[in-house]
>>> print(open('target.csv').read())   # CSV, C-alpha atoms
chain,number,residue,atom,x,y,z
A,235,MET,CA,-13.3,25.8,-18.8
A,236,SER,CA,-13.2,29.5,-18.2
A,237,MET,CA,-9.8,31.1,-17.6
A,238,HIS,CA,-11.6,34.0,-15.9
A,239,TYR,CA,-12.4,31.8,-13.0
A,240,THR,CA,-10.6,32.7,-9.8
A,241,LEU,CA,-10.4,30.0,-7.2
A,242,SER,CA,-10.1,31.3,-3.7
A,243,SER,CA,-8.0,29.1,-1.6
A,244,LYS,CA,-6.4,29.6,1.8
A,245,LYS,CA,-2.7,28.9,1.8
A,246,LYS,CA,-2.4,25.7,3.9
A,247,SER,CA,0.6,25.2,6.1
A,248,ILE,CA,1.3,22.1,8.1
A,249,LYS,CA,1.5,22.9,11.8
A,250,LEU,CA,3.0,20.0,13.6
A,251,PRO,CA,3.6,19.0,17.2
A,252,VAL,CA,6.7,20.8,18.4
A,253,SER,CA,8.8,17.6,18.8
A,254,GLY,CA,6.6,14.8,17.5
A,255,SER,CA,6.6,15.0,13.7
A,256,ALA,CA,8.7,15.8,10.7
A,257,ASN,CA,7.8,18.4,8.1
A,258,THR,CA,5.9,16.0,5.9
A,259,GLY,CA,3.5,15.0,8.6
A,260,LYS,CA,5.3,11.7,9.3
A,261,ASP,CA,6.8,10.8,12.7
A,262,TRP,CA,9.8,13.0,13.3
A,263,LEU,CA,11.5,10.2,15.3
A,264,ILE,CA,11.3,7.9,12.3
A,265,PHE,CA,13.5,10.3,10.4
A,266,THR,CA,16.1,10.4,13.2
A,267,LYS,CA,16.7,6.7,12.8
A,268,TRP,CA,19.3,7.7,10.2
A,269,LEU,CA,21.3,9.7,12.7
A,270,SER,CA,24.0,8.5,15.2
A,271,ASP,CA,22.9,7.4,18.7
A,272,ASN,CA,24.1,10.7,20.2
A,273,LEU,CA,22.2,12.8,17.7
A,274,ARG,CA,19.1,10.8,18.0
A,275,GLU,CA,19.1,11.2,21.8
A,276,ILE,CA,19.5,15.0,21.3
A,277,PHE,CA,16.5,15.2,19.0
A,278,GLN,CA,14.4,13.0,21.3
A,279,ARG,CA,14.9,15.7,24.0
A,280,VAL,CA,13.9,18.6,21.9
A,281,ASN,CA,10.8,20.4,23.2
A,282,ASN,CA,11.1,24.0,22.1
A,283,VAL,CA,11.6,23.8,18.3
A,284,ASP,CA,8.8,23.9,15.7
A,285,PHE,CA,10.0,21.3,13.2
A,286,SER,CA,7.4,22.3,10.7
A,287,ASP,CA,9.6,25.4,10.1
A,288,VAL,CA,12.9,23.5,9.8
A,289,GLU,CA,14.3,23.2,6.3
A,290,GLU,CA,17.8,21.7,6.8
A,291,ILE,CA,19.9,19.9,9.4
A,292,ARG,CA,23.6,20.6,9.0
A,293,LEU,CA,26.2,18.2,10.4
A,294,ARG,CA,29.8,19.3,10.0
A,295,ILE,CA,32.7,17.6,11.9
A,296,GLY,CA,33.9,19.8,14.7
A,297,GLN,CA,31.1,22.4,14.1
A,298,PRO,CA,27.8,23.2,15.9
A,299,LEU,CA,24.7,21.1,15.4
A,300,LEU,CA,22.7,23.5,13.2
A,301,LEU,CA,19.0,23.6,12.1
A,302,LYS,CA,18.2,26.0,9.3
A,303,ALA,CA,14.6,27.3,9.7
A,304,SER,CA,12.9,29.7,7.2
A,305,GLU,CA,14.0,32.8,9.1
A,306,GLN,CA,16.7,31.8,11.5
A,307,ASP,CA,19.5,29.4,12.3
A,308,ILE,CA,18.9,27.2,15.4
A,309,PHE,CA,21.7,25.7,17.5
A,310,LEU,CA,21.0,22.8,19.9
A,311,ASP,CA,23.0,21.7,22.9
A,312,SER,CA,23.5,18.1,24.1
A,313,ASN,CA,20.1,18.3,26.0
A,314,GLY,CA,18.2,19.3,22.8
A,315,GLN,CA,17.7,22.9,24.0
A,316,GLN,CA,18.1,25.9,21.8
A,317,THR,CA,21.3,27.7,22.7
A,318,SER,CA,24.1,30.0,21.4
A,319,GLN,CA,26.6,28.9,18.8
A,320,VAL,CA,29.3,28.8,21.5
A,321,ASN,CA,27.4,26.4,23.7
A,322,SER,CA,26.0,24.2,21.0
A,323,TYR,CA,26.7,20.5,20.6
A,324,ARG,CA,29.7,19.8,18.3
A,325,ILE,CA,29.5,17.2,15.7
A,326,SER,CA,32.1,14.4,16.2
A,327,GLN,CA,33.7,12.3,13.5
A,328,SER,CA,31.9,9.3,15.0
A,329,ASP,CA,28.6,11.1,14.7
A,330,LEU,CA,29.2,11.4,11.0
A,331,ALA,CA,30.6,7.9,10.5
A,332,GLU,CA,27.7,6.3,12.3
A,333,THR,CA,25.1,8.4,10.4
A,334,LEU,CA,26.8,7.4,7.1
A,335,GLU,CA,26.8,3.8,8.0
A,336,ARG,CA,23.1,3.8,8.7
A,337,MET,CA,22.2,5.8,5.6
A,338,THR,CA,24.2,3.4,3.4
A,339,ASN,CA,23.3,0.1,5.2
A,340,SER,CA,26.9,-0.3,6.2
A,341,SER,CA,28.1,-0.3,2.5
A,342,ILE,CA,29.1,3.1,1.2
A,343,TYR,CA,30.5,1.5,-1.9
A,344,ALA,CA,27.0,0.3,-2.8
A,345,VAL,CA,25.8,3.9,-3.2
A,346,ASN,CA,28.9,5.2,-5.0
A,347,GLU,CA,27.0,6.3,-8.1
A,348,LYS,CA,24.9,8.6,-5.9
A,349,LEU,CA,28.0,9.8,-4.1
A,350,LYS,CA,29.4,10.9,-7.5
A,351,GLN,CA,26.4,13.3,-7.7
A,352,GLY,CA,27.1,14.7,-4.2
A,353,PHE,CA,24.0,13.4,-2.5
A,354,LEU,CA,22.0,10.5,-1.2
A,355,THR,CA,18.2,10.2,-1.2
A,356,LEU,CA,16.6,8.5,1.8
A,357,PRO,CA,13.2,6.9,1.9
A,358,GLY,CA,10.6,9.6,2.3
A,359,GLY,CA,12.3,11.9,-0.2
A,360,TYR,CA,14.9,13.3,2.2
A,361,ARG,CA,17.9,14.5,0.2
A,362,VAL,CA,21.3,14.4,2.0
A,363,GLY,CA,24.0,16.6,0.5
A,364,ILE,CA,27.6,15.4,1.0
A,365,ALA,CA,30.9,17.3,1.2
A,366,GLY,CA,34.4,15.8,1.6
A,367,GLN,CA,37.5,14.8,-0.4
A,368,VAL,CA,36.6,14.4,-4.1
A,369,ILE,CA,38.6,11.8,-6.0
A,370,MET,CA,39.0,12.5,-9.7
A,371,GLN,CA,40.3,10.4,-12.6
A,372,GLY,CA,41.0,12.8,-15.4
A,373,GLU,CA,37.8,14.8,-15.8
A,374,ASP,CA,35.6,12.1,-14.2
A,375,LEU,CA,34.6,12.2,-10.6
A,376,GLN,CA,35.2,8.7,-9.1
A,377,THR,CA,33.9,9.1,-5.5
A,378,ILE,CA,33.8,11.3,-2.4
A,379,LYS,CA,35.7,10.0,0.6
A,380,ASN,CA,36.8,11.4,4.0
A,381,ILE,CA,33.3,12.9,4.2
A,382,SER,CA,33.2,16.0,6.4
A,383,ALA,CA,29.7,17.3,6.2
A,384,LEU,CA,26.1,16.2,5.6
A,385,ASN,CA,23.1,18.4,4.8
A,386,PHE,CA,19.7,16.9,5.4
A,387,ARG,CA,17.1,18.7,3.3
A,388,LEU,CA,13.7,18.1,4.8
A,389,ALA,CA,11.2,17.3,2.1
A,390,LYS,CA,7.8,19.1,2.7
A,391,GLU,CA,4.3,18.7,1.4
A,392,ILE,CA,2.3,21.9,1.4
A,393,LYS,CA,-1.0,21.5,-0.4
A,394,GLY,CA,-3.1,24.2,-2.0
A,395,ARG,CA,-0.6,26.9,-3.0
A,396,ALA,CA,-0.4,25.8,-6.7
A,397,ILE,CA,-4.1,26.2,-7.2
A,398,GLU,CA,-3.7,30.0,-7.0
A,399,VAL,CA,-2.0,30.0,-10.4
A,400,LEU,CA,-3.6,27.0,-12.0
A,401,PRO,CA,-6.1,29.0,-14.0
A,402,LEU,CA,-3.2,31.0,-15.5
A,403,LEU,CA,-1.6,27.8,-16.7
A,404,MET,CA,-4.5,26.0,-18.4
A,405,GLU,CA,-5.8,26.2,-22.0
A,406,PRO,CA,-9.6,26.7,-22.5
A,407,GLY,CA,-9.8,23.0,-23.5
A,408,GLY,CA,-8.5,21.9,-20.1
A,409,LEU,CA,-4.9,21.1,-21.1
A,410,LEU,CA,-1.8,22.4,-19.3
A,411,ARG,CA,0.3,24.9,-21.1
A,412,HIS,CA,4.0,24.0,-21.1
A,413,THR,CA,5.2,25.4,-17.8
A,414,LEU,CA,8.7,26.1,-16.3
A,415,ILE,CA,9.2,26.9,-12.6
A,416,LEU,CA,12.3,29.0,-11.7
A,417,SER,CA,13.7,29.6,-8.3
A,418,ALA,CA,16.9,29.9,-6.3
A,419,PRO,CA,17.8,27.0,-4.0
A,420,ARG,CA,15.6,26.8,-0.9
A,421,ALA,CA,12.9,28.9,-2.5
A,422,GLY,CA,10.4,26.0,-2.7
A,423,LYS,CA,10.4,25.0,-6.4
A,424,THR,CA,10.3,21.2,-5.7
A,425,THR,CA,7.6,21.6,-3.0
A,426,PHE,CA,5.6,23.8,-5.4
A,427,LEU,CA,6.1,21.4,-8.3
A,428,ARG,CA,4.9,18.5,-6.1
A,429,ASP,CA,1.7,20.4,-5.3
A,430,LEU,CA,1.1,21.4,-8.9
A,431,ILE,CA,1.4,17.7,-10.0
A,432,ARG,CA,-1.1,16.7,-7.3
A,433,SER,CA,-3.5,19.4,-8.4
A,434,LEU,CA,-3.3,18.5,-12.1
A,435,SER,CA,-3.7,14.8,-11.3
A,436,GLU,CA,-6.5,15.3,-8.8
A,437,GLY,CA,-8.5,17.9,-10.7
A,438,VAL,CA,-10.3,20.9,-9.4
A,439,PRO,CA,-14.1,20.4,-9.6
A,440,GLN,CA,-14.7,24.1,-8.7
A,441,MET,CA,-13.0,24.9,-12.0
A,442,GLY,CA,-14.7,22.3,-14.0
A,443,PHE,CA,-11.3,20.6,-14.3
A,444,ASN,CA,-11.4,16.8,-14.0
A,445,GLY,CA,-7.7,16.0,-13.9
A,446,LEU,CA,-5.0,14.9,-16.2
A,447,THR,CA,-2.7,11.8,-16.4
A,448,VAL,CA,0.7,12.9,-15.2
A,449,GLY,CA,4.0,11.1,-15.7
A,450,VAL,CA,6.7,12.0,-13.2
A,451,VAL,CA,10.4,11.3,-13.8
A,452,ASP,CA,11.8,11.4,-10.3
A,453,GLU,CA,15.5,11.2,-11.0
A,454,ARG,CA,16.7,12.0,-7.4
A,455,GLY,CA,13.7,10.4,-5.6
A,456,GLU,CA,12.6,13.7,-4.0
A,457,LEU,CA,9.3,14.4,-5.7
A,458,ALA,CA,7.5,11.2,-4.8
A,459,GLY,CA,9.8,9.8,-2.1
A,460,MET,CA,9.1,6.3,-3.4
A,461,TRP,CA,9.8,3.5,-0.9
A,462,GLN,CA,9.2,-0.1,-2.1
A,463,GLY,CA,6.8,1.1,-4.8
A,464,SER,CA,4.7,3.4,-2.6
A,465,PRO,CA,5.1,7.2,-2.7
A,466,SER,CA,5.7,9.1,0.5
A,467,PHE,CA,4.0,12.2,-0.9
A,468,ASP,CA,0.5,12.6,-2.4
A,469,LEU,CA,1.0,13.2,-6.2
A,470,GLY,CA,-2.6,12.5,-7.0
A,471,PRO,CA,-4.7,9.5,-8.3
A,472,ARG,CA,-3.7,9.9,-12.0
A,473,THR,CA,0.1,10.0,-11.6
A,474,ASP,CA,2.7,7.5,-12.6
A,475,VAL,CA,6.3,7.7,-11.3
A,476,LEU,CA,9.6,6.6,-12.8
A,477,ASP,CA,11.9,6.5,-9.8
A,478,SER,CA,15.7,7.0,-9.9
A,479,CYS,CA,15.6,7.3,-13.7
A,480,SER,CA,17.5,10.0,-15.7
A,481,LYS,CA,15.2,12.7,-17.1
A,482,ALA,CA,16.1,12.1,-20.7
A,483,ARG,CA,15.5,8.3,-20.6
A,484,GLY,CA,12.4,8.7,-18.4
A,485,ILE,CA,10.7,11.2,-20.6
A,486,SER,CA,11.0,8.8,-23.6
A,487,MET,CA,9.9,5.8,-21.5
A,488,LEU,CA,6.8,7.5,-20.2
A,489,VAL,CA,5.7,8.7,-23.7
A,490,ARG,CA,6.0,5.2,-25.1
A,491,THR,CA,4.5,3.3,-22.2
A,492,MET,CA,2.1,5.4,-20.0
A,493,ALA,CA,0.3,7.7,-22.4
A,494,PRO,CA,0.6,10.8,-20.1
A,495,ASP,CA,-1.1,14.1,-20.7
A,496,VAL,CA,1.7,15.9,-18.8
A,497,ILE,CA,5.3,14.9,-18.0
A,498,ALA,CA,6.8,16.5,-14.9
A,499,VAL,CA,10.5,16.7,-14.2
A,500,ASP,CA,12.6,18.5,-11.6
A,501,GLU,CA,15.8,20.6,-12.2
A,502,LEU,CA,16.3,20.8,-15.9
A,503,GLY,CA,19.8,21.8,-17.0
A,504,HIS,CA,21.5,19.1,-19.1
A,505,SER,CA,21.7,19.1,-22.9
A,506,ASP,CA,20.1,15.7,-23.0
A,507,ASP,CA,17.0,17.2,-21.3
A,508,VAL,CA,16.5,19.6,-24.2
A,509,SER,CA,16.5,16.8,-26.8
A,510,ALA,CA,14.1,14.6,-24.7
A,511,ILE,CA,11.7,17.5,-24.2
A,512,ALA,CA,11.8,18.3,-27.9
A,513,ASP,CA,10.9,14.7,-28.8
A,514,ALA,CA,8.1,14.7,-26.2
A,515,LEU,CA,6.6,17.9,-27.6
A,516,ARG,CA,6.2,16.4,-31.0
A,517,THR,CA,3.9,13.8,-29.4
A,518,GLY,CA,1.6,16.4,-27.9
A,519,VAL,CA,2.6,15.7,-24.3
A,520,ARG,CA,2.6,18.8,-22.1
A,521,ILE,CA,5.9,19.5,-20.2
A,522,LEU,CA,6.1,20.7,-16.6
A,523,GLY,CA,9.6,21.4,-15.2
A,524,THR,CA,11.8,23.3,-12.8
A,525,ALA,CA,15.2,24.9,-13.0
A,526,HIS,CA,17.6,26.8,-10.8
A,527,ALA,CA,17.5,30.6,-11.4
A,528,ASN,CA,16.7,33.6,-9.3
A,529,THR,CA,15.3,35.6,-12.1
A,530,MET,CA,14.5,35.5,-15.8
A,531,GLU,CA,17.7,37.5,-16.5
A,532,GLU,CA,19.8,34.9,-14.7
A,533,ALA,CA,18.1,32.0,-16.5
A,534,SER,CA,18.8,33.7,-19.9
A,535,LYS,CA,22.5,33.6,-19.1
A,536,ARG,CA,22.7,29.8,-18.6
A,537,PRO,CA,23.2,28.0,-21.9
A,538,ILE,CA,20.6,25.2,-21.5
A,539,LEU,CA,18.0,27.5,-20.0
A,540,LYS,CA,18.7,30.1,-22.6
A,541,LEU,CA,18.1,27.6,-25.4
A,542,LEU,CA,14.8,26.5,-23.8
A,543,LEU,CA,13.7,30.1,-23.6
A,544,GLU,CA,14.8,31.1,-27.1
A,545,GLU,CA,13.1,28.0,-28.6
A,546,ARG,CA,10.0,28.9,-26.7
A,547,PHE,CA,9.6,25.3,-25.4
A,548,PHE,CA,7.5,26.8,-22.5
A,549,GLU,CA,4.4,29.0,-22.7
A,550,ARG,CA,4.3,29.9,-19.0
A,551,ILE,CA,7.2,30.6,-16.6
A,552,ILE,CA,6.6,30.8,-12.9
A,553,VAL,CA,9.2,32.7,-10.8
A,554,LEU,CA,9.3,31.9,-7.1
A,555,ASN,CA,11.1,33.5,-4.2
A,556,ARG,CA,11.2,33.4,-0.4
A,557,LYS,CA,9.7,36.8,0.4
A,558,ASN,CA,6.7,35.3,2.3
A,559,GLY,CA,8.4,31.9,2.9
A,560,PRO,CA,9.5,29.2,0.3
A,561,GLY,CA,7.2,29.0,-2.6
A,562,THR,CA,6.1,32.6,-2.8
A,563,ILE,CA,4.9,33.3,-6.3
A,564,GLU,CA,6.6,36.4,-7.6
A,565,SER,CA,5.6,36.3,-11.3
A,566,VAL,CA,3.8,34.2,-14.0
A,567,PHE,CA,5.1,35.1,-17.4
A,568,ASP,CA,3.3,34.5,-20.7
A,569,THR,CA,6.2,33.8,-23.1
A,570,GLY,CA,4.0,34.6,-26.1
A,571,THR,CA,3.3,38.2,-25.1
A,572,GLY,CA,6.3,38.7,-22.8
A,573,ARG,CA,4.0,39.9,-20.0
A,574,ASN,CA,3.8,39.0,-16.3
A,575,ILE,CA,0.1,38.0,-16.4
A,576,MET,CA,-0.1,38.4,-12.6
A,577,LYS,CA,0.9,42.1,-12.9
A,578,SER,CA,0.8,42.9,-16.7
A,579,GLU,CA,4.5,43.6,-16.8
A,580,ILE,CA,6.9,43.0,-19.8
A,581,MET,CA,9.0,39.9,-19.3
A,582,PRO,CA,12.8,40.6,-19.2
A,583,GLY,CA,15.2,38.2,-20.8
A,584,VAL,CA,16.1,36.8,-24.1
A,585,ILE,CA,12.8,36.3,-25.8
A,586,ASN,CA,12.1,38.5,-28.8
A,587,HIS,CA,8.4,39.3,-29.0
A,588,GLY,CA,8.5,41.4,-32.1
>>> encode(input="target.csv", output="structure tokens")
Amino acid sequence: MSMHYTLSSKKKSIKLPVSGSANTGKDWLIFTKWLSDNLREIFQRVNNVDFSDVEEIRLRIGQPLLLKASEQDIFLDSNGQQTSQVNSYRISQSDLAETLERMTNSSIYAVNEKLKQGFLTLPGGYRVGIAGQVIMQGEDLQTIKNISALNFRLAKEIKGRAIEVLPLLMEPGGLLRHTLILSAPRAGKTTFLRDLIRSLSEGVPQMGFNGLTVGVVDERGELAGMWQGSPSFDLGPRTDVLDSCSKARGISMLVRTMAPDVIAVDELGHSDDVSAIADALRTGVRILGTAHANTMEEASKRPILKLLLEERFFERIIVLNRKNGPGTIESVFDTGTGRNIMKSEIMPGVINHG
């Protein structure tokens, strides 16, 4: 297929009823079943918040009920109305305890392994960050107790944005170049990765691209949002998902059992990830991943990412930011030439192009 083809695509955003749906297009009230009775009643009364713009719900004992939208913080009162910080509803200890009980099916010990990582993942791909008293045994984290704060990160599905850069990521023969997506937290890398997986799996007929078999290692359950074997998000018709599996083990399993063209993983950063990727590369599988970093310079200062860059595991590096909302494409670097192929700029960082 021609790499000179430019696919025009309107950026699609999901505009949802003000109080009827969550960001993913599913019923907003289904999500609130995880919350305490008091909090559920508050959200049922909301009629002046566009939930399609809400990215996080913050619950901190003794502090205001806070919604973080893309451009502002929203405080709610006990009637579900936007208000000032001073007049907002205050989260009680019972609110948090009841919410935790519902999220863990009344058995917080059953999810202790997840607690050790500082989060839980709910059906639908909702990730809930947890803060509280950390219990250590030597260098090992045993659990988190006396939980004081929860951060609900609302998973989104925005289709069409990844197609803008897909021609820059593909080889003439129709295979994906090894690609790494970098962004700071809340800059949309998981949402962007999800859309890129779907586009690769679905294919783009306008480009003469029929689609690839994609294997996804969904370690935290966010990418697919699997629930009883069914994904909550559309990852395309040629996609296979390993749910709740470590990246290192999952990459090896997919190569042996599912014959993928592409393996996609979220949040690389462990030394085991590097070994697993190196093994997969020897089989001809293409790698698509993400990592936390604001810039190429920042990535080059992190040991694991520095190694991935120096060894040139990736041929394309996409840098995202929030300038025009989460998932804004800032740069697409060609690691072979060191240029931003969106703007023809030299890539900063650790790679020696001489």
>>> closest_atom_pairs(input="target.csv", of="segment 314-403 of chain A", to="segment 295-308 of chain A", cutoff="9 Å", atoms="all atoms listed in the file", output="Markdown table")
| residue | atom | partner | partner_atom | distance |
| --- | --- | --- | --- | --- |
| A:Gln316 | CA | A:Ile308 | CA | 6.6 |
| A:Thr317 | CA | A:Ile308 | CA | 7.7 |
| A:Ser318 | CA | A:Ile308 | CA | 8.4 |
| A:Gln319 | CA | A:Pro298 | CA | 6.5 |
| A:Val320 | CA | A:Pro298 | CA | 8.1 |
| A:Asn321 | CA | A:Pro298 | CA | 8.4 |
| A:Ser322 | CA | A:Pro298 | CA | 5.5 |
| A:Tyr323 | CA | A:Pro298 | CA | 5.5 |
| A:Arg324 | CA | A:Pro298 | CA | 4.6 |
| A:Ile325 | CA | A:Ile295 | CA | 5.0 |
| A:Ser326 | CA | A:Ile295 | CA | 5.4 |
| A:Gln327 | CA | A:Ile295 | CA | 5.6 |
| A:Ser328 | CA | A:Ile295 | CA | 8.9 |
| A:Asp329 | CA | A:Ile295 | CA | 8.2 |
| A:Leu330 | CA | A:Ile295 | CA | 7.2 |
| A:Ser382 | CA | A:Ile295 | CA | 5.7 |
| A:Ala383 | CA | A:Ile295 | CA | 6.4 |
>>> closest_residue(input="target.csv", among="A:Ser312, A:Thr266, A:Asn346, A:Ser505", to="Lys540 of chain A", atoms="all atoms listed in the file")
A:Ser505
>>> closest_atom_pairs(input="target.csv", of="segment 333-447 of chain A", to="segment 466-485 of chain A", cutoff="6 Å", atoms="only C-alpha atoms", output="JSON lines")
{"residue": "A:Gly358", "atom": "CA", "partner": "A:Ser466", "partner_atom": "CA", "distance": 5.2}
{"residue": "A:Ile431", "atom": "CA", "partner": "A:Leu469", "partner_atom": "CA", "distance": 5.9}
{"residue": "A:Arg432", "atom": "CA", "partner": "A:Leu469", "partner_atom": "CA", "distance": 4.2}
{"residue": "A:Ser435", "atom": "CA", "partner": "A:Arg472", "partner_atom": "CA", "distance": 4.9}
{"residue": "A:Glu436", "atom": "CA", "partner": "A:Gly470", "partner_atom": "CA", "distance": 5.1}
{"residue": "A:Thr447", "atom": "CA", "partner": "A:Arg472", "partner_atom": "CA", "distance": 4.9}
>>> closest_residue(input="target.csv", among="A:Ala533, A:Val451, A:Leu457, A:Met370", to="Pro357 of chain A", atoms="all atoms listed in the file")
A:Leu457
>>> atom_distance(input="target.csv", atom1="atom CA of Ala514 of chain A", atom2="atom CA of Met530 of chain A")
24.1 Å
>>> residues_near_point(input="target.csv", point="(17.1, 27.8, -9.9)", cutoff="12 Å", atoms="only C-alpha atoms", output="number ranges by chain")
A: 414-424, 500-503, 523-534, 536, 539, 552-555
>>> residues_around(input="target.csv", residues="Gly408 of chain A", least_positions_apart="4", cutoff="9 Å", atoms="all atoms listed in the file", output="list in words")
Met235, Met404, Gly442, Phe443, Asn444, Gly445 and Leu446 of chain A
>>> write_last_selection(input="target.csv", atoms="C-alpha atoms", output="short mmCIF file (atom, residue, chain, number, x, y, z; two decimals), in the frame of the given file")
data_model
loop_
_atom_site.label_atom_id
_atom_site.label_comp_id
_atom_site.auth_asym_id
_atom_site.auth_seq_id
_atom_site.Cartn_x
_atom_site.Cartn_y
_atom_site.Cartn_z
CA MET A 235 -13.30 25.80 -18.80
CA MET A 404 -4.50 26.00 -18.40
CA GLY A 442 -14.70 22.30 -14.00
CA PHE A 443 -11.30 20.60 -14.30
CA ASN A 444 -11.40 16.80 -14.00
CA GLY A 445 -7.70 16.00 -13.90
CA LEU A 446 -5.00 14.90 -16.20
#
>>> atom_distance(input="target.csv", atom1="atom CA of Arg454 of chain A", atom2="atom CA of Gly352 of chain A")
11.2 Å
>>> residues_around(input="target.csv", residues="Leu409 of chain A", least_positions_apart="4", cutoff="9 Å", atoms="only C-alpha atoms", output="list in words")
Leu403, Met404, Glu405, Leu446, Asp495, Val496 and Arg520 of chain A
>>> write_last_selection(input="target.csv", atoms="C-alpha atoms", output="short mmCIF file (atom, residue, chain, number, x, y, z; two decimals), keeping the file's coordinate frame")
data_model
loop_
_atom_site.label_atom_id
_atom_site.label_comp_id
_atom_site.auth_asym_id
_atom_site.auth_seq_id
_atom_site.Cartn_x
_atom_site.Cartn_y
_atom_site.Cartn_z
CA LEU A 403 -1.60 27.80 -16.70
CA MET A 404 -4.50 26.00 -18.40
CA GLU A 405 -5.80 26.20 -22.00
CA LEU A 446 -5.00 14.90 -16.20
CA ASP A 495 -1.10 14.10 -20.70
CA VAL A 496 1.70 15.90 -18.80
CA ARG A 520 2.60 18.80 -22.10
#
>>> closest_residue(input="target.csv", among="A:Asn281, A:Val448, A:Pro401, A:Asp311", to="Ile575 of chain A", atoms="only C-alpha atoms")
A:Pro401
>>> atom_distance(input="target.csv", atom1="atom CA of Thr333 of chain A", atom2="atom CA of Gly366 of chain A")
14.8 Å
